[in-house]
Amino acid sequence: MSSDTTVLGLPKLPARYAGIVMPLLLSILMTMIVSFVSTARAVGFPTGFLRVWAGAWAMSWIVAFPTLLLLLPVVRRATAAVVRGG
């Protein structure tokens with residue numbers, strides 16, 4: 001298979017899944033970064049930091065992903081209300 005049909009050796013998903021994949025990836029990346037910063041600020045970098053951070057990340061992602069799915073339509077409408085059509 002060519003790179004236009006695979007990613008990391010797996011077949012690409014059909015375009016109809018973009019509405020789930022985009023919030024999934026965004027929630028993973030954002031919660032990783034935000035939980036890393038907030039965990040480091042709260043506890044510093046003690047032994048076992050990665051374990052503490054991973055737990056904080058998992059909890060925040062469990063909240064963030066469904067929240068993103070629920071709020072994304074609202075955010076799209078709000079964005080359309082304040083941005084001129086192109």
# chains A, B, ... in the order shown; residues from 1 in each chain; ligands from 1

call {"tool": "select_by_dssp", "arguments": {"residues": "chain A", "states": "helix (DSSP H, G or I)", "output": "MDAnalysis selection string"}}
result
chainID A and resid 15:43 49:82

call {"tool": "write_last_selection", "arguments": {"atoms": "C-alpha atoms", "output": "compact mmCIF listing (two decimals), in the first residue's frame"}}
result
# COMPACT_ATOMS: atom_id res chain seq x y z
CA ALA A 15 -13.01 10.83 5.61
CA ARG A 16 -16.30 10.46 7.50
CA TYR A 17 -14.29 9.72 10.69
CA ALA A 18 -12.53 13.12 10.65
CA GLY A 19 -15.13 14.54 13.05
CA ILE A 20 -14.04 12.04 15.72
CA VAL A 21 -10.33 11.74 14.88
CA MET A 22 -9.62 15.48 15.05
CA PRO A 23 -11.07 15.96 18.58
CA LEU A 24 -9.44 12.69 19.67
CA LEU A 25 -5.97 13.83 18.61
CA LEU A 26 -6.51 17.38 19.84
CA SER A 27 -7.69 16.19 23.25
CA ILE A 28 -4.74 13.80 23.60
CA LEU A 29 -2.14 16.44 22.74
CA MET A 30 -3.70 19.31 24.70
CA THR A 31 -4.29 17.27 27.85
CA MET A 32 -0.76 15.87 27.71
CA ILE A 33 0.72 19.37 27.57
CA VAL A 34 -1.60 21.01 30.11
CA SER A 35 -1.40 18.13 32.59
CA PHE A 36 2.40 18.07 32.28
CA VAL A 37 2.64 21.78 33.08
CA SER A 38 0.12 21.69 35.93
CA THR A 39 1.63 18.53 37.45
CA ALA A 40 5.15 19.95 37.25
CA ARG A 41 3.94 23.18 38.85
CA ALA A 42 2.14 21.33 41.64
CA VAL A 43 4.76 18.71 42.57
CA PHE A 49 6.97 12.21 38.24
CA LEU A 50 6.06 10.33 35.05
CA ARG A 51 3.69 8.05 36.96
CA VAL A 52 2.01 11.00 38.68
CA TRP A 53 1.79 12.91 35.38
CA ALA A 54 0.38 9.88 33.52
CA GLY A 55 -2.39 9.57 36.10
CA ALA A 56 -3.19 13.27 35.84
CA TRP A 57 -3.16 13.06 32.05
CA ALA A 58 -5.48 10.04 31.96
CA MET A 59 -8.01 11.71 34.25
CA SER A 60 -7.94 14.95 32.29
CA TRP A 61 -8.28 13.16 28.95
CA ILE A 62 -11.30 11.18 30.19
CA VAL A 63 -12.99 14.53 30.84
CA ALA A 64 -11.60 16.45 27.86
CA PHE A 65 -12.49 14.12 24.97
CA PRO A 66 -16.24 13.87 25.56
CA THR A 67 -16.32 17.56 26.48
CA LEU A 68 -14.67 18.41 23.17
CA LEU A 69 -17.16 16.26 21.27
CA LEU A 70 -20.07 18.05 22.99
CA LEU A 71 -18.71 21.58 22.68
CA LEU A 72 -17.22 21.45 19.19
CA PRO A 73 -20.53 22.24 17.43
CA VAL A 74 -21.09 25.20 19.78
CA VAL A 75 -17.55 26.48 19.16
CA ARG A 76 -18.00 26.13 15.40
CA ARG A 77 -21.20 28.21 15.55
CA ALA A 78 -19.57 30.82 17.77
CA THR A 79 -16.59 31.00 15.42
CA ALA A 80 -18.87 31.43 12.42
CA ALA A 81 -20.66 34.24 14.25
CA VAL A 82 -17.46 36.28 14.78

call {"tool": "select_by_dssp", "arguments": {"residues": "chain A", "states": "strand (DSSP E)", "output": "PyMOL selection string"}}
result
chain A and resi 6-7+10-11
